[in-house]
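Report on the following structure.
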Amino acid sequence: MMAAQESEFASAFDWAVVRLATYFPASASQARLLFGSVSLLTKDRPRPPTSSGADSRKVGKGKSGKVFFRRAVLSARDAIAWYRSAGANGITTPVPTEPSEVEKKKDGIALSPTSFEDDPQWPSLGVPLGTDLFSNAGGPGDPAPFRGPGAPRVHRRFGDNTGFEAVIADGSAISFLKRRLHLDLSDYTEYLGGLALVVPDPVLRRVQHFLVPAQDADGPERLVYRVVPRPGQSLDDLTLTVLERRSNLLSRFEAVDVPADGLVTVESALPFDQTGYAISHTVQGIIAYQQPLPFIRAVKVSLGVTGRRVRVQVPRTESPRSPTDSYEITEYAHEIPIGVGEERHDAIIKVVEAEQRRIRRAAAKQYKQTWFDGGQRDKAISFLRGQLARARSSVMVADPYFGARQILQFLQAVPRTYIDFTILTSRLAFEGEHAEAIDASQHDARDQAENSERLTSFTRSLATLRTRGMKSVKALVLSGKTPPLHDRFLVIDDEVLFLGNSLNALGERASLILSVPDSEPILARLWAMASPALPFETYASQRRRGSASASGRA
């Protein structure tokens with residue numbers, strides 16, 4: 001049964017394009033599969049040629065190896081056979097079906113054996129959801145951005161995606177591959193070491209889906225589907241399922257046999273809300289899908305009439321020697337509103353508006369959007385202690401004013417002792433009001449005493465964490481006249497909380513706390529900033545030596 005079904009959809013195509021990327025690490029003796037896609041071509045498309053040779057790109061300036069790309073054209077059956085044969089028992093680069101296009105040094109070359117996990121189960125195919133303009137095809141929710149236009153079905157073979165860190169870290173290599181694979185492997189890391197099969201709809205050329213408004217106030221609206229076959233194809237054995245969604249309810253799921261003329265009309269006494277369709281074939285299965293989406297019933301734009309141009313000049317900094325920054329703006333004399341179509345005013349609009357408010361509030365709750373008014377320090381401290389109590393592996397504080405008292409106020413709230421602590425603070429937490437002075441001799445005796453006490457207090461506070469038996473406690477100090485960090489962050493495991501104020505003053509004035517949606521790049525930058533920072537012990541020793549030297553000169 002499996003072989004018969006595989007043969008059925010293979011026979012609907014003549015040719016296939018295989019796009020293959022491989023990675024040859026500098027220290028390896030054999031190249032690895034990086035990613036490969038097999039795209040079947042419908043019978044109305046001519047056979048393209050196999051590319052000449054292979055494109056290559058060094059990774060990490062050649063120190064980490066090379067990536068290679070080659071596009072080969074195979075018969076549909078040969079391509080599917082290659083796609084299925086790859087695995088732990090061996091994998092080779094594909095061999096073009098046309099003998100004159102074969103290059104012995106590049107085709108049929110063995111790659112490192114690997115294993116795959118099929119999704120879905122072979123030979124079933126999946127239809128990507130949201131494959132149209134409104135749902136942002138190729139966007140972050142697209143499961144198969146390499147599939148090309150339309151809504152082709154896909155099958156995926158996920159392989160070993162480890163060991164490609166050097167490739168992902170090289171932006172030029174990723175750009176090189178993206179232009180050829182139509183896939184950003186730094187975003188779609190699940191495809192590293194994998195393969196994908198793209199099977200277009202062999203029957204339909206296009207599906208038109210449009211709305212016919214009611215002719216009068218009491219008349220029905222009409223939903224029209226026009227199904228157009230490819231040349232030489234028939235609309236026999238096709239079923240169109242009409243989908244309608246009303247205020248997040250599936251209100252219509254109606255299957256209709258597609259007639260010979262390809263026209264399907266549906267009427268409704270109520271205005272249609274969001275409509276879509278699924279088209280299935282008795283042999284090919286589901287061959288087309290569009291998720292329910294709203295029609296654009298009205299468009300409002302504003303036409304601005306430009307006026308004079310104004311040039312603004314301003315110093316870049318507060319320094320009296322600051323260079324001047326200059327920019328221009330174009331003023332708009334007035335705006336002309338333009339409207340096309342009629343807006344809806346039925347109950348669904350109220351439902352949608354309320355739903356959008358709930359979605360925004362849910363997103364705010366998900367990202368821990370929390371506002372503290374001035375004078376709510378106790379509330380702010382309690383909130384952060386509750387967050388710190390969730391720590392399972394690590395805690396990092398990045399705050400240029402983080403001092404001894406904050407260790408006791410916040411970090412002691414972590415109940416687990418197998419936690420790695422990293423404190424990234426700056427000299428601003430330890431130096432007095434003349435902190436900008438480069439030479440410690442410029443500080444008066446009182447400043448020196450206060451600075452020394454801050455260092456001693458911080459040392460004692462760090463010791464309380466170590467006394468509790470915490471797994472690791474590391475304090476780093478950002479130096480420089482102006483520390484490179486301005487904003488404040490609290491990292492709990494892999495979650496990054498953005499703090500609108502330093503921990504030593506949080507809640508004293510109005511401020512916001514927010515969980516960063518994408519923590520990975522923020523963490524990378526924080527660790528990069530921490531790399532050249534001085535260990536607190538080294539910084540404290542240098543400060544004490546500087547103070548002692550200044551006292552001796554006095």
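Lettering and numbering for the structure tokens are positional, with chains as A, B, ... in the shown order, residues counted from 1 in each chain, and ligands counted from 1 in the shown order.
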Would you pick out the contacts of Leu490 in chain A at 8 Å or less, using only C-alpha atoms, so that residues sharing its chain but fewer than 5 positions from it are not included, and give the list as a count of residues only? 8
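When the distance limit is 12 Å and only C-alpha atoms are what count, the residues near range 350-366 of chain A, minus those fewer than 6 positions from it on the same chain, are A:Arg245, A:Arg246, A:Ser247, A:Asn248, A:Leu249, A:Asp273, A:Gln274, A:Pro294, A:Arg344, A:Glu495, A:Leu512, A:Ile513, A:Leu514, A:Ser515, A:Val516, A:Pro517.
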Give me, as a PyMOL selection string, all polymer residues having an atom no more than 8 Å from Leu33 in chain A, counting only C-alpha atoms and skipping those fewer than 4 positions away in the same chain. chain A and resi 20-23+111-112+193-194
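Closest approach to Lys58 in chain A among A:Asp170, A:Glu335, A:Asp420, A:Glu450 is made by A:Asp170 (distances from only C-alpha atoms).
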Using only C-alpha atoms, which residues sit within 12 Å of Glu98 in chain A once same-chain residues fewer than 2 positions away are excluded, as a compact mmCIF listing (two decimals) with C-alpha atoms, in the first residue's frame?
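The file below, around.txt, is the result:
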```txt
# COMPACT_ATOMS: atom_id res chain seq x y z
CA TRP A 15 11.17 16.12 -13.02
CA ARG A 47 12.92 20.66 -17.33
CA PRO A 48 15.55 23.11 -15.98
CA PRO A 49 19.28 22.34 -16.38
CA THR A 50 21.55 21.10 -13.64
CA ALA A 72 20.85 18.83 -9.60
CA VAL A 73 17.89 17.87 -11.80
CA LEU A 74 16.63 14.30 -11.54
CA SER A 75 13.57 12.50 -12.76
CA ASP A 78 14.98 9.10 -9.14
CA PRO A 94 22.46 13.09 -5.98
CA VAL A 95 23.34 12.08 -9.54
CA PRO A 96 21.54 13.99 -12.34
CA SER A 100 25.65 14.81 -19.89
CA GLU A 101 25.06 16.78 -16.66
CA VAL A 102 26.85 14.34 -14.36
CA GLU A 103 30.12 15.58 -12.79
```
May I have a table of the residues of range 382-490 of chain A lying at most 8 Å from range 533-548 of chain A, giving each one's closest pair of atoms and their distance in Å to one decimal, counting only C-alpha atoms, ordered by chain and ascending residue number, as JSON lines?
```
{"residue": "A:Ala440", "atom": "CA", "partner": "A:Ser547", "partner_atom": "CA", "distance": 6.0}
{"residue": "A:Ser441", "atom": "CA", "partner": "A:Ser547", "partner_atom": "CA", "distance": 7.4}
{"residue": "A:Gln448", "atom": "CA", "partner": "A:Ser547", "partner_atom": "CA", "distance": 6.6}
{"residue": "A:Ser452", "atom": "CA", "partner": "A:Arg544", "partner_atom": "CA", "distance": 7.2}
{"residue": "A:Leu455", "atom": "CA", "partner": "A:Ala540", "partner_atom": "CA", "distance": 6.4}
{"residue": "A:Lys474", "atom": "CA", "partner": "A:Pro535", "partner_atom": "CA", "distance": 7.6}
{"residue": "A:Ala475", "atom": "CA", "partner": "A:Phe536", "partner_atom": "CA", "distance": 5.4}
{"residue": "A:Leu476", "atom": "CA", "partner": "A:Pro535", "partner_atom": "CA", "distance": 4.5}
{"residue": "A:Val477", "atom": "CA", "partner": "A:Leu534", "partner_atom": "CA", "distance": 5.1}
{"residue": "A:Leu478", "atom": "CA", "partner": "A:Ala533", "partner_atom": "CA", "distance": 4.9}
{"residue": "A:Ser479", "atom": "CA", "partner": "A:Ala533", "partner_atom": "CA", "distance": 6.8}
```
To one decimal in Å, tell me the separation between CA of Leu388 in chain A and CA of Arg416 in chain A. 10.1 Å
Contact residues around range 265-268 of chain A with only C-alpha atoms at 7 Å, ignoring same-chain residues under 2 positions, as an MDAnalysis selection string: chainID A and resid 220:225 263 270:271
Expected file: the selected residues, N, CA, C and O atoms, as a PDB file, in the first residue's frame:
```pdb
ATOM      1  N   PRO A 220     -28.843  38.267   0.454  1.00  0.00           N
ATOM      2  CA  PRO A 220     -27.735  37.451   0.957  1.00  0.00           C
ATOM      3  C   PRO A 220     -26.396  37.863   0.341  1.00  0.00           C
ATOM      4  O   PRO A 220     -26.341  38.430  -0.754  1.00  0.00           O
ATOM      5  N   GLU A 221     -25.318  37.591   1.069  1.00  0.00           N
ATOM      6  CA  GLU A 221     -23.981  37.691   0.487  1.00  0.00           C
ATOM      7  C   GLU A 221     -23.644  36.362  -0.178  1.00  0.00           C
ATOM      8  O   GLU A 221     -24.135  35.302   0.228  1.00  0.00           O
ATOM      9  N   ARG A 222     -22.785  36.414  -1.188  1.00  0.00           N
ATOM     10  CA  ARG A 222     -22.388  35.201  -1.895  1.00  0.00           C
ATOM     11  C   ARG A 222     -20.870  35.027  -1.824  1.00  0.00           C
ATOM     12  O   ARG A 222     -20.117  35.977  -2.028  1.00  0.00           O
ATOM     13  N   LEU A 223     -20.493  33.822  -1.528  1.00  0.00           N
ATOM     14  CA  LEU A 223     -19.092  33.436  -1.498  1.00  0.00           C
ATOM     15  C   LEU A 223     -18.840  32.569  -2.725  1.00  0.00           C
ATOM     16  O   LEU A 223     -19.542  31.578  -2.939  1.00  0.00           O
ATOM     17  N   VAL A 224     -17.904  32.951  -3.548  1.00  0.00           N
ATOM     18  CA  VAL A 224     -17.664  32.253  -4.804  1.00  0.00           C
ATOM     19  C   VAL A 224     -16.243  31.684  -4.815  1.00  0.00           C
ATOM     20  O   VAL A 224     -15.273  32.394  -4.508  1.00  0.00           O
ATOM     21  N   TYR A 225     -16.154  30.399  -5.182  1.00  0.00           N
ATOM     22  CA  TYR A 225     -14.872  29.732  -5.397  1.00  0.00           C
ATOM     23  C   TYR A 225     -14.788  29.361  -6.874  1.00  0.00           C
ATOM     24  O   TYR A 225     -15.716  28.755  -7.430  1.00  0.00           O
ATOM     25  N   LEU A 263     -16.997  26.140 -10.567  1.00  0.00           N
ATOM     26  CA  LEU A 263     -17.605  27.224  -9.798  1.00  0.00           C
ATOM     27  C   LEU A 263     -18.419  26.668  -8.641  1.00  0.00           C
ATOM     28  O   LEU A 263     -19.307  25.827  -8.838  1.00  0.00           O
ATOM     29  N   LEU A 270     -26.203  36.272   6.786  1.00  0.00           N
ATOM     30  CA  LEU A 270     -25.335  37.121   7.608  1.00  0.00           C
ATOM     31  C   LEU A 270     -24.085  37.481   6.817  1.00  0.00           C
ATOM     32  O   LEU A 270     -23.653  36.726   5.939  1.00  0.00           O
ATOM     33  N   PRO A 271     -23.454  38.606   7.098  1.00  0.00           N
ATOM     34  CA  PRO A 271     -22.185  38.930   6.438  1.00  0.00           C
ATOM     35  C   PRO A 271     -21.138  37.861   6.770  1.00  0.00           C
ATOM     36  O   PRO A 271     -20.997  37.445   7.916  1.00  0.00           O
TER      37      PRO A 271
END
```
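Considering only range 23-139 of chain A, backbone DSSP assigns alpha helix (DSSP H) to Ala76, Arg77, Asp78, Ala79, Ile80, Ala81, Trp82, Tyr83, Arg84 and Ser85 of chain A.
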Prev. selection, C-alpha atoms, output as a PDB file, in the first residue's frame:
```pdb
ATOM      1  CA  ALA A  76      10.792  12.595 -10.180  1.00  0.00           C
ATOM      2  CA  ARG A  77      11.187   8.885  -9.445  1.00  0.00           C
ATOM      3  CA  ASP A  78      14.980   9.102  -9.135  1.00  0.00           C
ATOM      4  CA  ALA A  79      14.688  12.123  -6.843  1.00  0.00           C
ATOM      5  CA  ILE A  80      12.179  10.423  -4.548  1.00  0.00           C
ATOM      6  CA  ALA A  81      14.328   7.278  -4.502  1.00  0.00           C
ATOM      7  CA  TRP A  82      17.382   9.365  -3.485  1.00  0.00           C
ATOM      8  CA  TYR A  83      15.343  11.177  -0.834  1.00  0.00           C
ATOM      9  CA  ARG A  84      14.195   7.901   0.720  1.00  0.00           C
ATOM     10  CA  SER A  85      17.488   5.991   0.418  1.00  0.00           C
TER      11      SER A  85
END
```
